[in-house]
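Trainee: Got a structure here, written out as structure tokens. Questions coming.
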Amino acid sequence: MKLKLRIILEYLSAFLVIVLLLLAIASVVVVKFYGNDLKIFVMEQINERLDSKVDVGEISVRVFHKFPNTSIQLKNVTVWSTHNFSTSGFNGPGADTLLSAKDIYVSFNLLSLIRKKYNIRQLEIREGILHLYTDLQGEVNYQVFSGDKRKRKESAPVNLSSLRITDFSLVINNQAKQLVSTGTLKRIDLNGKFSKRNTQLKGSLSGWLGVISNKDILYASNRDIEADLNLDVRDSLYNINSGQLKLDRIIADMDGQFILHPGEGVELDLQAAARNLEIHEVLDLLPSEISNPLLGIKGNGILQLYSRITGMVSSTLTPKIEADFQTSNANLSWNRLPFTVKNLDLQGSYSNGGQFNPVSTSLMIESLNALIGSDHLSLSGRIHNFYDPDFSFKLKGDIHPEQWIKWYRQIPLDQARGVIYSDITLSGSYDRLKPKGQKFVAFDFGGGLSLEDVMFRIHKGDTPFTNLNGTIHIENDFWEPSLSGTFGKSDFKLSGSGLNLLSYLMKGDESLVAAATLYTRQLDLQAILDSFSRTDKERDGSLKFPDRLNLKLDFVIDEFVMQRFNARHVRGVANYESPVLWVDSL
């Protein structure tokens with residue numbers, strides 16, 4: 001039995017060797033008799049199908065490069081930019097050249113050649129550079145195919161089933177969109193029956209993304225890219241059966257469809273989903289201009305990302321790009337901050353506004369909840385226009401000042417306790433080109449703070465403010481406090497309103513104006529003066545009145561104490577306009 005099997009295998013091996021030899025001999029014979037015809041045929045097809053100038057350094061026939069297919073090798077090929085394209089607005093070399101390739105292989109089926117039928121089956125392009133340029137009028141340098149239908153009908157059939165591009169540099173410069181991108185195509189493979197109206201195609205890509213920038217704003221840089229697609233083709237409609245896109249370590253599943261509109265562009269309806277992403281992987285994808293200032297951020301947690309691309313894309317049209325993202329129970333830390341963000345729950349969305357343009361781009365934070373130390377914070381809002389941003393945020397939370405004083409020694413307080421509840425809104429615009437300190441060209445602040453049993457002491461050894469309770473309502477420069485508390489043996493209830501609070505605190509160019517009513521059961525003025533004039537290493541013992549303060553105070557004091565002086569049922573009006581203090585209506 002073994003002997004019979006061995007004999008059968010030997011016969012099969014001999015048969016295969018003979019077949020291969022016959023094919024090789026046939027290839028050599030075909031090349032001998034039809035080689036020149038093949039060269040002429042290839043150049044005729046190029047001239048008939050392309051409406052752009054093509055230069056070929058050398059053309060030769062290769063029998064065994066794609067055996068059993070026979071190949072025509074074109075060396076040092078240059079395809080020039082299309083005629084209507086204007087190169088005047090582009091700096092540097094390359095605008096007049098669409099493609100430069102070291103080698104292009106055009107492969108033919110051997111049996112078809114024997115029957116004198118020159119059907120192109122495979123196309124391989126190796127080592128070169130591809131320039132895809134668009135001028136200010138929207139004319140492109142890559143519209144090189146001939147529009148002469150008569151010529152196309154007379155051309156021989158192209159039964160292409162395999163396309164491969166390897167080791168190509170890619171440069172995209174779209175002046176109409178102010179879009180620039182560079183990268184490397186390590187390998188592109190596309191397989192299927194290209195000439196059929198109803199067919200299936202399979203494609204794969206591996207490469208490297210150099211940069212993508214729009215209006216000099218960098219969106220992404222230095223990323224490895226891989227992609228795989230399975231397509232169902234029905235005329236001009238391409239359905240993605242299954243697809244996968246990999247950007248560095250992030251993998252997204254793709255589906256959807258696109259329609260080719262010759263001379264107009266491509267109509268897209270695509271979806272991609274990247275699930276269960278580690279937050280640190282997403283942070284690593286940020287371009288260097290953003291990630292360099294954020295070096296040292298570490299995090300753990302899972303992020304879900306869903307994106308959609310819809311609409312027409314062409315040299316002048318950009319599809320709408322939208323994305324939804326969410327994460328839960330994430331943790332973030334940064335070596336520049338003394339605290340850690342814990343239990344981060346985030347839900348938001350992104351949109352380019354229908355343009356690949358930072359001016360129309362917006363980022364929406366639908367909800368953000370996090371724990372910072374002992375503080376629970378929630379935030380919602382949006383940022384619009386990444387070129388000159390305008391923003392609007394709503395912040396709620398409970399703030400424990402004691403931990404912030406511990407973290408930031410520059411806060412001018414020695415000690416603090418209690419809880420401050422915040423419910424505020426921030427909105428405005430930001431000019432990134434202005435000098436530091438002048439970037440917020442508009443700023444609106446509204447909402448309020450609520451104090452619950454707050455204590456704070458300015459300097460060590462000072463008398464503290466204790467039992468502070470009440471609210472402070474703020475609407476831009478208008479502020480309205482309503483507070484009660486104690487200071488040493490003195491107690492107080494204060495209510496009133498004022499102006500210029502934000503200008504006084506942030507810009508320092510306005511006087512703080514206020515009118516208030518003060519009620520106290522007991523006021524020990526000497527203890528207050530002693531507390532604010534007590535000497536220490538930083539103070540000289542004198543009592544310093546604040547600058548840029550304009551205050552009118554209606555006061556009611558049940559019991560007034562000043563050393564041995566004692567008075568009851570004191571009421572009147574005090575005025576302070578720096579540096580003068582006077583009392584009337586006493």
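Residue numbering restarts at 1 for every chain of the structure tokens, chains are lettered A, B, ... in their displayed order, and ligands are numbered from 1 as they appear.
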If you count only C-alpha atoms, which residues fall within 9 Å of Leu499 (chain A), apart from same-chain ones fewer than 6 positions away, as a list in words?
Mentor: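 Contacts, with the query itself left out: Asn476, Asp477, Phe478, Trp479, Glu480, Ser511, Leu512, Val513 and Ala514 of chain A.
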Trainee: Taking 5 positions as the minimum chain separation for residues in the same chain, which residues sit within 6 Å of Ser360 (chain A) when counting only C-alpha atoms? Answer as a list in words.
Mentor: Asn352, Gly353 and Asn385 of chain A
Trainee: What is the CA of Arg234 (chain A) to CA of Ile104 (chain A) distance in Å?
Mentor: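 One can read the CA of Arg234 (chain A) to CA of Ile104 (chain A) distance as 29.2 Å.
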Trainee: Got a sec: who's within 8 Å of Asn276 (chain A), counting only C-alpha atoms, leaving out chain neighbours fewer than 6 positions off, as an mmCIF file with all heavy atoms, in the first residue's frame?
Mentor:
```cif
data_model
loop_
_atom_site.group_PDB
_atom_site.id
_atom_site.type_symbol
_atom_site.label_atom_id
_atom_site.label_comp_id
_atom_site.auth_asym_id
_atom_site.auth_seq_id
_atom_site.Cartn_x
_atom_site.Cartn_y
_atom_site.Cartn_z
ATOM 1 N N ILE A 302 -12.415 52.638 31.071
ATOM 2 C CA ILE A 302 -12.845 52.194 29.748
ATOM 3 C C ILE A 302 -13.619 53.317 29.063
ATOM 4 O O ILE A 302 -14.497 53.943 29.650
ATOM 5 C CB ILE A 302 -13.717 50.933 29.858
ATOM 6 C CG1 ILE A 302 -12.923 49.801 30.525
ATOM 7 C CG2 ILE A 302 -14.199 50.501 28.491
ATOM 8 C CD1 ILE A 302 -11.658 49.419 29.781
ATOM 9 N N LEU A 303 -13.276 53.545 27.783
ATOM 10 C CA LEU A 303 -13.929 54.569 26.975
ATOM 11 C C LEU A 303 -14.587 53.917 25.766
ATOM 12 O O LEU A 303 -14.002 53.050 25.119
ATOM 13 C CB LEU A 303 -12.900 55.604 26.516
ATOM 14 C CG LEU A 303 -13.408 56.735 25.619
ATOM 15 C CD1 LEU A 303 -14.254 57.706 26.429
ATOM 16 C CD2 LEU A 303 -12.240 57.476 24.981
ATOM 17 N N GLN A 304 -15.810 54.343 25.462
ATOM 18 C CA GLN A 304 -16.528 53.887 24.276
ATOM 19 C C GLN A 304 -16.602 55.062 23.294
ATOM 20 O O GLN A 304 -16.918 56.193 23.694
ATOM 21 C CB GLN A 304 -17.955 53.435 24.622
ATOM 22 C CG GLN A 304 -18.065 52.572 25.869
ATOM 23 C CD GLN A 304 -17.456 51.205 25.688
ATOM 24 O OE1 GLN A 304 -17.208 50.768 24.571
ATOM 25 N NE2 GLN A 304 -17.213 50.509 26.792
#
```
Trainee: Closest to Arg275 (chain A) among A:Ser378, A:Ser81, A:Ser307, A:Asn550, using only C-alpha atoms?
Mentor: A:Ser307
Trainee: Give me the residues within 12 Å of Ile472 (chain A) as a list in words, counting only C-alpha atoms and dropping any in the same chain fewer than 4 places off.
Mentor: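 Once the adjacent positions are removed, what remains is Ile420, Tyr421, Ser422, Asp423, Ile424, Gly446, Gly447, Gly448, Leu449, Ser450, Leu451, Glu452, Leu468, Phe478, Trp479, Glu480, Pro481, Ser482, Leu483, Ser484, Leu494, Ser495, Gly496, Ser497, Gly498 and Leu501 of chain A.
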Trainee: For the residues in the current selection, export N, CA, C and O atoms as a CSV table (one decimal), in the first residue's frame.
Mentor:
```csv
chain,number,residue,atom,x,y,z
A,420,ILE,N,-18.5,74.5,50.7
A,420,ILE,CA,-19.0,75.5,49.9
A,420,ILE,C,-19.7,74.8,48.7
A,420,ILE,O,-19.0,74.1,47.9
A,421,TYR,N,-21.0,75.0,48.5
A,421,TYR,CA,-21.7,74.5,47.4
A,421,TYR,C,-21.7,75.5,46.2
A,421,TYR,O,-22.1,76.6,46.4
A,422,SER,N,-21.4,75.0,45.0
A,422,SER,CA,-21.3,75.9,43.9
A,422,SER,C,-22.4,75.5,42.9
A,422,SER,O,-22.7,74.3,42.7
A,423,ASP,N,-22.9,76.5,42.2
A,423,ASP,CA,-23.9,76.3,41.1
A,423,ASP,C,-23.6,77.5,40.2
A,423,ASP,O,-24.3,78.5,40.3
A,424,ILE,N,-22.7,77.4,39.3
A,424,ILE,CA,-22.3,78.6,38.5
A,424,ILE,C,-22.2,78.2,37.0
A,424,ILE,O,-22.1,77.1,36.6
A,446,GLY,N,-22.0,83.6,36.1
A,446,GLY,CA,-23.3,83.7,36.8
A,446,GLY,C,-23.5,82.6,37.7
A,446,GLY,O,-22.9,81.5,37.6
A,447,GLY,N,-24.4,82.7,38.7
A,447,GLY,CA,-24.7,81.7,39.6
A,447,GLY,C,-24.4,82.1,41.0
A,447,GLY,O,-24.5,83.3,41.4
A,448,GLY,N,-24.2,81.1,41.8
A,448,GLY,CA,-24.0,81.4,43.2
A,448,GLY,C,-23.2,80.4,44.0
A,448,GLY,O,-23.0,79.2,43.5
A,449,LEU,N,-22.8,80.8,45.2
A,449,LEU,CA,-22.1,79.9,46.2
A,449,LEU,C,-22.9,79.9,47.4
A,449,LEU,O,-23.4,80.9,47.9
A,450,SER,N,-22.9,78.7,48.0
A,450,SER,CA,-23.6,78.6,49.3
A,450,SER,C,-22.7,78.0,50.3
A,450,SER,O,-22.0,77.0,50.1
A,451,LEU,N,-22.6,78.7,51.5
A,451,LEU,CA,-21.6,78.3,52.5
A,451,LEU,C,-22.3,77.6,53.7
A,451,LEU,O,-23.4,78.1,54.1
A,452,GLU,N,-21.7,76.5,54.1
A,452,GLU,CA,-22.3,75.8,55.2
A,452,GLU,C,-21.3,75.5,56.3
A,452,GLU,O,-20.3,74.7,56.1
A,468,LEU,N,-19.7,80.4,59.3
A,468,LEU,CA,-20.1,81.2,58.2
A,468,LEU,C,-21.2,80.4,57.4
A,468,LEU,O,-20.9,79.3,57.0
A,478,PHE,N,-21.9,92.1,39.0
A,478,PHE,CA,-22.9,92.3,40.1
A,478,PHE,C,-22.8,91.2,41.1
A,478,PHE,O,-22.8,90.0,40.7
A,479,TRP,N,-22.8,91.5,42.4
A,479,TRP,CA,-22.7,90.4,43.4
A,479,TRP,C,-23.6,90.8,44.6
A,479,TRP,O,-23.9,92.0,44.9
A,480,GLU,N,-24.2,89.8,45.2
A,480,GLU,CA,-25.2,90.0,46.2
A,480,GLU,C,-25.0,89.0,47.3
A,480,GLU,O,-25.4,87.8,47.2
A,481,PRO,N,-24.3,89.4,48.4
A,481,PRO,CA,-24.1,88.4,49.5
A,481,PRO,C,-25.2,88.5,50.6
A,481,PRO,O,-25.8,89.5,50.8
A,482,SER,N,-25.4,87.3,51.2
A,482,SER,CA,-26.3,87.2,52.4
A,482,SER,C,-25.6,86.2,53.3
A,482,SER,O,-25.8,85.0,53.1
A,483,LEU,N,-24.9,86.7,54.3
A,483,LEU,CA,-24.1,85.8,55.1
A,483,LEU,C,-24.3,86.1,56.6
A,483,LEU,O,-24.6,87.2,57.0
A,484,SER,N,-24.0,85.1,57.4
A,484,SER,CA,-23.9,85.2,58.9
A,484,SER,C,-22.8,84.4,59.4
A,484,SER,O,-22.3,83.5,58.7
A,494,LEU,N,-24.9,89.8,57.5
A,494,LEU,CA,-24.6,90.8,56.4
A,494,LEU,C,-25.4,90.5,55.1
A,494,LEU,O,-25.4,89.4,54.7
A,495,SER,N,-26.0,91.5,54.6
A,495,SER,CA,-26.6,91.4,53.3
A,495,SER,C,-26.5,92.7,52.5
A,495,SER,O,-26.3,93.8,53.1
A,496,GLY,N,-26.5,92.6,51.2
A,496,GLY,CA,-26.3,93.7,50.4
A,496,GLY,C,-26.1,93.4,48.9
A,496,GLY,O,-26.4,92.3,48.5
A,497,SER,N,-25.5,94.3,48.2
A,497,SER,CA,-25.2,94.1,46.8
A,497,SER,C,-24.0,95.0,46.4
A,497,SER,O,-23.6,96.0,47.1
A,498,GLY,N,-23.4,94.6,45.3
A,498,GLY,CA,-22.2,95.4,44.9
A,498,GLY,C,-21.9,95.3,43.4
A,498,GLY,O,-22.6,94.5,42.7
A,501,LEU,N,-17.1,93.1,40.9
A,501,LEU,CA,-16.4,92.0,41.7
A,501,LEU,C,-15.4,91.3,40.8
A,501,LEU,O,-14.2,91.1,41.2
```
Trainee: Show which residues sit within 10 Å of region 183-186 of chain A, as a list of chain:residue names. Count only C-alpha atoms, and ignore same-chain residues fewer than 4 positions away.
Mentor: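 Contacts, with the query itself left out: A:Arg126, A:Glu127, A:Gly128, A:Ile129, A:Leu130, A:Ile165, A:Thr166, A:Asp167, A:Phe168, A:Ser169, A:Leu170, A:Val171, A:Ile172, A:Leu205, A:Ser206, A:Gly207, A:Trp208, A:Leu209, A:Gly210, A:Val211, A:Ile212, A:Ser221, A:Asn222, A:Arg223, A:Asp224, A:Ile225, A:Glu226.
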Trainee: Run DSSP on the backbone and give me the residues of region 260-447 of chain A it puts in alpha helix (DSSP H), as a PyMOL selection string.
Mentor: chain A and resi 279-284+288-291+401-407
Trainee: For the residues in the current selection, export all heavy atoms as a short mmCIF file (atom, residue, chain, number, x, y, z; two decimals), in the first residue's frame.
Mentor:
```
data_model
loop_
_atom_site.label_atom_id
_atom_site.label_comp_id
_atom_site.auth_asym_id
_atom_site.auth_seq_id
_atom_site.Cartn_x
_atom_site.Cartn_y
_atom_site.Cartn_z
N ILE A 279 -8.27 54.58 28.62
CA ILE A 279 -8.15 56.02 28.51
C ILE A 279 -6.74 56.44 28.16
O ILE A 279 -6.52 57.36 27.37
CB ILE A 279 -8.62 56.70 29.82
CG1 ILE A 279 -10.14 56.63 29.90
CG2 ILE A 279 -8.16 58.15 29.90
CD1 ILE A 279 -10.73 57.32 31.09
N HIS A 280 -5.73 55.78 28.72
CA HIS A 280 -4.36 56.17 28.43
C HIS A 280 -4.02 55.95 26.96
O HIS A 280 -3.18 56.66 26.39
CB HIS A 280 -3.38 55.41 29.33
CG HIS A 280 -3.32 53.94 29.08
ND1 HIS A 280 -2.53 53.38 28.11
CD2 HIS A 280 -3.96 52.90 29.67
CE1 HIS A 280 -2.68 52.08 28.12
NE2 HIS A 280 -3.54 51.75 29.05
N GLU A 281 -4.69 54.99 26.29
CA GLU A 281 -4.47 54.79 24.86
C GLU A 281 -5.01 55.97 24.06
O GLU A 281 -4.39 56.39 23.07
CB GLU A 281 -5.14 53.49 24.40
CG GLU A 281 -4.53 52.24 24.99
CD GLU A 281 -5.26 50.98 24.55
OE1 GLU A 281 -6.42 51.10 24.11
OE2 GLU A 281 -4.68 49.89 24.64
N VAL A 282 -6.16 56.51 24.47
CA VAL A 282 -6.73 57.65 23.78
C VAL A 282 -5.87 58.89 24.00
O VAL A 282 -5.64 59.68 23.08
CB VAL A 282 -8.17 57.90 24.25
CG1 VAL A 282 -8.79 59.08 23.53
CG2 VAL A 282 -9.03 56.64 24.03
N LEU A 283 -5.36 59.08 25.22
CA LEU A 283 -4.50 60.22 25.49
C LEU A 283 -3.24 60.16 24.65
O LEU A 283 -2.72 61.19 24.19
CB LEU A 283 -4.13 60.26 26.98
CG LEU A 283 -5.28 60.56 27.95
CD1 LEU A 283 -4.79 60.46 29.39
CD2 LEU A 283 -5.85 61.94 27.69
N ASP A 284 -2.73 58.95 24.40
CA ASP A 284 -1.52 58.80 23.59
C ASP A 284 -1.74 59.22 22.14
O ASP A 284 -0.79 59.51 21.42
CB ASP A 284 -1.03 57.35 23.62
CG ASP A 284 -0.45 56.97 24.98
OD1 ASP A 284 -0.14 57.89 25.75
OD2 ASP A 284 -0.33 55.77 25.26
N SER A 288 1.19 66.00 19.10
CA SER A 288 2.27 66.43 20.00
C SER A 288 2.03 67.83 20.57
O SER A 288 2.38 68.10 21.72
CB SER A 288 3.60 66.38 19.25
OG SER A 288 3.56 67.20 18.09
N GLU A 289 1.44 68.75 19.78
CA GLU A 289 1.22 70.10 20.27
C GLU A 289 0.27 70.11 21.46
O GLU A 289 0.32 71.01 22.30
CB GLU A 289 0.66 70.99 19.16
CG GLU A 289 1.70 71.31 18.08
CD GLU A 289 1.17 72.29 17.07
OE1 GLU A 289 0.04 72.77 17.26
OE2 GLU A 289 1.86 72.59 16.09
N ILE A 290 -0.62 69.12 21.54
CA ILE A 290 -1.53 69.02 22.66
C ILE A 290 -0.96 68.09 23.73
O ILE A 290 -1.06 68.37 24.93
CB ILE A 290 -2.91 68.51 22.20
CG1 ILE A 290 -3.50 69.49 21.18
CG2 ILE A 290 -3.85 68.33 23.37
CD1 ILE A 290 -4.81 69.03 20.59
N SER A 291 -0.37 66.97 23.31
CA SER A 291 0.09 65.98 24.27
C SER A 291 1.33 66.41 25.04
O SER A 291 1.50 66.03 26.20
CB SER A 291 0.36 64.65 23.55
OG SER A 291 1.38 64.81 22.60
N PRO A 401 -12.82 73.49 51.28
CA PRO A 401 -11.64 74.35 51.12
C PRO A 401 -10.41 73.85 51.88
O PRO A 401 -9.29 74.19 51.51
CB PRO A 401 -12.12 75.70 51.66
CG PRO A 401 -13.28 75.38 52.55
CD PRO A 401 -13.93 74.18 51.96
N GLU A 402 -10.62 73.05 52.91
CA GLU A 402 -9.47 72.58 53.69
C GLU A 402 -8.47 71.82 52.83
O GLU A 402 -7.25 72.01 52.96
CB GLU A 402 -9.96 71.70 54.84
CG GLU A 402 -8.85 71.23 55.77
CD GLU A 402 -9.39 70.46 56.95
OE1 GLU A 402 -10.61 70.16 56.96
OE2 GLU A 402 -8.60 70.15 57.86
N GLN A 403 -8.96 70.95 51.92
CA GLN A 403 -8.04 70.16 51.11
C GLN A 403 -7.34 71.02 50.06
O GLN A 403 -6.18 70.78 49.69
CB GLN A 403 -8.78 69.01 50.45
CG GLN A 403 -9.79 69.38 49.40
CD GLN A 403 -10.46 68.16 48.77
OE1 GLN A 403 -10.31 67.04 49.26
NE2 GLN A 403 -11.20 68.37 47.69
N TRP A 404 -8.01 72.06 49.55
CA TRP A 404 -7.39 72.92 48.54
C TRP A 404 -6.27 73.77 49.14
O TRP A 404 -5.26 74.04 48.48
CB TRP A 404 -8.44 73.79 47.87
CG TRP A 404 -9.39 72.97 47.05
CD1 TRP A 404 -10.59 72.46 47.44
CD2 TRP A 404 -9.20 72.53 45.71
NE1 TRP A 404 -11.17 71.73 46.44
CE2 TRP A 404 -10.35 71.76 45.35
CE3 TRP A 404 -8.20 72.71 44.77
CZ2 TRP A 404 -10.49 71.17 44.11
CZ3 TRP A 404 -8.35 72.14 43.52
CH2 TRP A 404 -9.47 71.38 43.20
N ILE A 405 -6.45 74.19 50.39
CA ILE A 405 -5.36 74.92 51.08
C ILE A 405 -4.17 74.00 51.29
O ILE A 405 -3.01 74.40 51.16
CB ILE A 405 -5.88 75.48 52.42
CG1 ILE A 405 -6.91 76.57 52.16
CG2 ILE A 405 -4.73 76.02 53.26
CD1 ILE A 405 -7.58 77.09 53.40
N LYS A 406 -4.45 72.75 51.59
CA LYS A 406 -3.37 71.77 51.76
C LYS A 406 -2.63 71.53 50.46
O LYS A 406 -1.40 71.37 50.44
CB LYS A 406 -3.98 70.46 52.29
CG LYS A 406 -2.97 69.35 52.49
CD LYS A 406 -3.66 68.09 52.98
CE LYS A 406 -2.66 66.94 53.11
NZ LYS A 406 -3.35 65.70 53.55
N TRP A 407 -3.36 71.49 49.34
CA TRP A 407 -2.75 71.23 48.04
C TRP A 407 -2.02 72.45 47.49
O TRP A 407 -0.98 72.33 46.85
CB TRP A 407 -3.82 70.78 47.04
CG TRP A 407 -4.34 69.39 47.31
CD1 TRP A 407 -3.70 68.40 47.97
CD2 TRP A 407 -5.61 68.86 46.91
NE1 TRP A 407 -4.48 67.26 48.01
CE2 TRP A 407 -5.67 67.52 47.37
CE3 TRP A 407 -6.70 69.38 46.24
CZ2 TRP A 407 -6.77 66.71 47.17
CZ3 TRP A 407 -7.80 68.57 46.03
CH2 TRP A 407 -7.83 67.24 46.50
#
```
Trainee: Just give me the gap between CA of Val180 (chain A) and CA of Asp216 (chain A) in Å, one decimal is fine.
Mentor: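 Atom-to-atom, CA of Val180 (chain A) and CA of Asp216 (chain A) are spaced 8.5 Å apart.
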Trainee: I need the residues in region 267-435 of chain A that are strand (DSSP E or B) according to DSSP; give them as a ChimeraX atom specification.
Mentor: /A:267-278,297-313,320-334,340-351,362-372,375-384,390-399,415-430
Trainee: Suppose you want the space between CA of Asn173 (chain A) and CA of Tyr387 (chain A); what is it in Å?
Mentor: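 That distance, rounded to one decimal, is 19.8 Å.
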Trainee: Contacts of Phe85 (chain A) at 6 Å or less, counting only C-alpha atoms, minus same-chain residues fewer than 5 places along, as a list in words?
Mentor: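 The residues satisfying every condition are Glu139, Val140 and Asn141 of chain A.
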Trainee: Measuring between only C-alpha atoms, which one of A:Asp414, A:Asp103, A:Asp96, A:Glu267 shows the shortest distance to Thr134 (chain A)?
Mentor: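 Checking each candidate against Thr134 (chain A), we get A:Asp96 as the closest.
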Trainee: Residues at most 9 Å from Ile372 (chain A), counting only C-alpha atoms, excluding those fewer than 6 positions away in the same chain, as number ranges by chain?
Mentor: A: 339-343
Trainee: Save the residues we just selected, N, CA, C and O atoms, as a compact mmCIF listing (two decimals), in the first residue's frame?
Mentor:
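Written out: selection01.txt:
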```
# COMPACT_ATOMS: atom_id res chain seq x y z
N PHE A 339 -3.74 66.34 43.14
CA PHE A 339 -4.90 65.50 43.41
C PHE A 339 -5.15 64.53 42.26
O PHE A 339 -4.58 64.67 41.18
N THR A 340 -6.00 63.55 42.50
CA THR A 340 -6.40 62.55 41.52
C THR A 340 -7.89 62.67 41.25
O THR A 340 -8.68 62.84 42.19
N VAL A 341 -8.27 62.59 39.99
CA VAL A 341 -9.69 62.58 39.62
C VAL A 341 -10.15 61.12 39.63
O VAL A 341 -9.62 60.28 38.89
N LYS A 342 -11.13 60.84 40.45
CA LYS A 342 -11.61 59.46 40.60
C LYS A 342 -13.08 59.37 40.20
O LYS A 342 -13.81 60.36 40.16
N ASN A 343 -13.48 58.13 39.88
CA ASN A 343 -14.87 57.83 39.54
C ASN A 343 -15.40 58.78 38.47
O ASN A 343 -16.51 59.31 38.57
```
